[in-house]
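Participant: My structure is in target-v5.pdb, and what it holds is PDB, C-alpha atoms:
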ATOM      1  CA  MET A   1      90.122 -24.747  36.730
ATOM      2  CA  ARG A   2      86.416 -25.004  35.803
ATOM      3  CA  SER A   3      85.924 -28.037  37.973
ATOM      4  CA  GLU A   4      87.856 -26.394  40.800
ATOM      5  CA  ILE A   5      85.559 -23.346  40.717
ATOM      6  CA  LEU A   6      82.423 -25.484  40.543
ATOM      7  CA  ASP A   7      83.659 -27.813  43.300
ATOM      8  CA  ALA A   8      84.449 -24.828  45.526
ATOM      9  CA  ALA A   9      80.997 -23.342  44.839
ATOM     10  CA  LYS A  10      79.359 -26.686  45.612
ATOM     11  CA  GLN A  11      81.224 -26.882  48.918
ATOM     12  CA  CYS A  12      80.185 -23.322  49.744
ATOM     13  CA  VAL A  13      76.492 -23.655  48.995
ATOM     14  CA  ASN A  14      76.017 -27.172  50.359
ATOM     15  CA  VAL A  15      78.250 -27.194  53.430
ATOM     16  CA  ASP A  16      80.268 -24.165  54.461
ATOM     17  CA  ARG A  17      77.829 -21.308  54.061
ATOM     18  CA  ASN A  18      74.807 -23.280  55.229
ATOM     19  CA  SER A  19      76.454 -23.895  58.580
ATOM     20  CA  THR A  20      77.573 -20.264  58.839
ATOM     21  CA  HIS A  21      74.673 -18.349  57.263
ATOM     22  CA  GLY A  22      71.719 -20.746  57.286
ATOM     23  CA  GLN A  23      69.691 -22.141  54.433
ATOM     24  CA  PRO A  24      69.847 -20.195  51.138
ATOM     25  CA  GLU A  25      66.067 -19.949  50.820
ATOM     26  CA  ASP A  26      65.917 -18.230  54.211
ATOM     27  CA  THR A  27      68.800 -15.877  53.467
ATOM     28  CA  PHE A  28      67.654 -14.900  49.984
ATOM     29  CA  GLY A  29      64.103 -14.557  51.272
ATOM     30  CA  ALA A  30      65.285 -12.105  53.935
ATOM     31  CA  ILE A  31      67.371 -10.169  51.410
ATOM     32  CA  ALA A  32      64.386 -10.002  49.037
ATOM     33  CA  ARG A  33      62.104  -8.664  51.781
ATOM     34  CA  VAL A  34      64.582  -5.948  52.792
ATOM     35  CA  TRP A  35      65.272  -4.912  49.203
ATOM     36  CA  SER A  36      61.525  -4.905  48.441
ATOM     37  CA  VAL A  37      60.971  -2.359  51.204
ATOM     38  CA  ARG A  38      63.987  -0.263  50.289
ATOM     39  CA  LEU A  39      63.203  -0.212  46.563
ATOM     40  CA  GLY A  40      59.415  -0.038  46.804
ATOM     41  CA  VAL A  41      58.991  -2.966  44.401
ATOM     42  CA  GLU A  42      58.614  -6.656  45.049
ATOM     43  CA  VAL A  43      61.898  -8.534  44.825
ATOM     44  CA  THR A  44      61.769 -12.323  44.811
ATOM     45  CA  PRO A  45      64.434 -14.499  46.426
ATOM     46  CA  ALA A  46      65.555 -15.631  42.944
ATOM     47  CA  GLN A  47      65.892 -11.990  41.884
ATOM     48  CA  ALA A  48      67.939 -11.314  45.015
ATOM     49  CA  ALA A  49      70.314 -14.088  43.907
ATOM     50  CA  LEU A  50      70.586 -12.458  40.473
ATOM     51  CA  MET A  51      71.416  -9.115  42.067
ATOM     52  CA  MET A  52      74.084 -10.765  44.203
ATOM     53  CA  ILE A  53      75.506 -12.146  40.950
ATOM     54  CA  ASP A  54      75.501  -8.550  39.655
ATOM     55  CA  LEU A  55      77.529  -7.481  42.693
ATOM     56  CA  LYS A  56      80.086 -10.230  42.106
ATOM     57  CA  THR A  57      80.137  -9.434  38.371
ATOM     58  CA  CYS A  58      81.122  -5.843  39.149
ATOM     59  CA  ARG A  59      83.822  -7.053  41.512
ATOM     60  CA  ALA A  60      85.094  -9.548  38.926
ATOM     61  CA  TRP A  61      85.139  -6.825  36.278
ATOM     62  CA  ASN A  62      87.664  -4.888  38.335
ATOM     63  CA  ASN A  63      89.593  -7.946  39.513
ATOM     64  CA  PRO A  64      88.966 -10.829  37.103
ATOM     65  CA  GLY A  65      91.773 -12.944  38.532
ATOM     66  CA  HIS A  66      90.223 -13.149  41.992
ATOM     67  CA  LYS A  67      88.839 -16.690  42.059
ATOM     68  CA  ASP A  68      86.422 -16.009  44.942
ATOM     69  CA  ASN A  69      84.252 -13.832  42.690
ATOM     70  CA  TRP A  70      83.805 -16.676  40.211
ATOM     71  CA  VAL A  71      83.111 -19.202  42.957
ATOM     72  CA  ASP A  72      80.476 -16.916  44.453
ATOM     73  CA  ILE A  73      78.849 -16.277  41.059
ATOM     74  CA  ALA A  74      78.554 -20.036  40.526
ATOM     75  CA  GLY A  75      77.163 -20.495  44.023
ATOM     76  CA  TYR A  76      74.627 -17.698  43.666
ATOM     77  CA  ALA A  77      73.560 -19.140  40.310
ATOM     78  CA  ALA A  78      72.993 -22.561  41.867
ATOM     79  CA  CYS A  79      70.982 -21.109  44.745
ATOM     80  CA  GLY A  80      69.026 -18.792  42.442
ATOM     81  CA  GLY A  81      68.197 -21.622  40.055
ATOM     82  CA  GLU A  82      66.926 -23.705  42.925
ATOM     83  CA  LEU A  83      64.842 -20.811  44.273
ATOM     84  CA  ALA A  84      63.383 -20.089  40.824
ATOM     85  CA  ALA A  85      62.390 -23.744  40.404
ATOM     86  CA  GLY A  86      60.271 -23.588  43.529
ATOM     87  CA  PRO A  87      59.959 -25.524  46.766
ATOM     88  CA  SER A  88      59.419 -28.928  45.155
ATOM     89  CA  VAL A  89      63.101 -29.146  44.211
ATOM     90  CA  ASN A  90      65.298 -30.986  46.701
ATOM     91  CA  PRO A  91      68.756 -29.466  47.245
ATOM     92  CA  SER A  92      71.635 -31.767  46.329
TER
END
Write out the structure in this file as structure tokens.

Facilitator:
Amino acid sequence: MRSEILDAAKQCVNVDRNSTHGQPEDTFGAIARVWSVRLGVEVTPAQAALMMIDLKTCRAWNNPGHKDNWVDIAGYAACGGELAAGPSVNPS
């Protein structure tokens, strides 16, 4: 099951969602800019990924058997880790 969740997250962040939603750095950058304005504090793209993990954590809390929450948490963690590392990291 662990590998299945990680494989599904890898597919999502490297193939499926990129073609549907664009590159993660662009999406999380846009989310960070909007949340920065709404909250009145600077939010970085990596912090936006962490807050998306918080959203999925709350959903998983109420429905822990729903695999999609776990897949998304893993995917957000991968994207957030890449964003936190900076632009010199090549996505794989």

Participant: To box region 45-63 of chain A, take all atoms listed in the file, fit an axis-aligned box, add 5 Å on each side, and give centre and edge lengths in Å to one decimal, as AutoDock Vina command-line options.

Facilitator:
--center_x 77.0 --center_y -10.3 --center_z 41.4 --size_x 35.2 --size_y 20.7 --size_z 20.1

Participant: Have a look at A:Val37, A:Ile53, A:Ala30, A:Ala60 and name the one nearest to Gly75 (chain A); count all atoms listed in the file.

Facilitator: A:Ile53

Participant: Can you work out which one of A:Val15, A:Gly81, A:His21, A:Ile5 has the shortest atom-to-atom distance to Asp68 (chain A), counting only C-alpha atoms?

Facilitator: A:Ile5

Participant: Can you work out the spacing between CA of Ala46 (chain A) and CA of Ala32 (chain A) in Å, to one decimal?

Facilitator: 8.4 Å

Participant: Specify as an MDAnalysis selection string each residue included when the PyMOL selection byres ((chain A and resi 6) around 10) is applied to this file.

Facilitator: chainID A and resid 1:5 7:12 70:75 78

Participant: Between A:Thr20, A:Thr44, A:Asn62, A:Ser36, which one has atoms that come closest to Gly86 (chain A), using only C-alpha atoms?

Facilitator: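 When distances to Gly86 (chain A) are compared using only C-alpha atoms, the smallest one comes from A:Thr44.
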
Participant: Would you work out the distance separating CA of Leu83 (chain A) from CA of Gly29 (chain A), expressed in Å to one decimal?

Facilitator: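 Result for CA of Leu83 (chain A) versus CA of Gly29 (chain A): 9.4 Å, one decimal.
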
Participant: To one decimal place, how far is CA of Leu55 (chain A) from CA of Val13 (chain A) in Å?

Facilitator: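 Interatomic distance, CA of Leu55 (chain A) to CA of Val13 (chain A): 17.4 Å.
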
Participant: For Pro87 (chain A), which residue among A:Pro64, A:Arg33, A:Pro45, A:Met51 is the nearest when counting all atoms listed in the file?

Facilitator: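 Among the listed residues, the smallest separation from Pro87 (chain A) belongs to A:Pro45.
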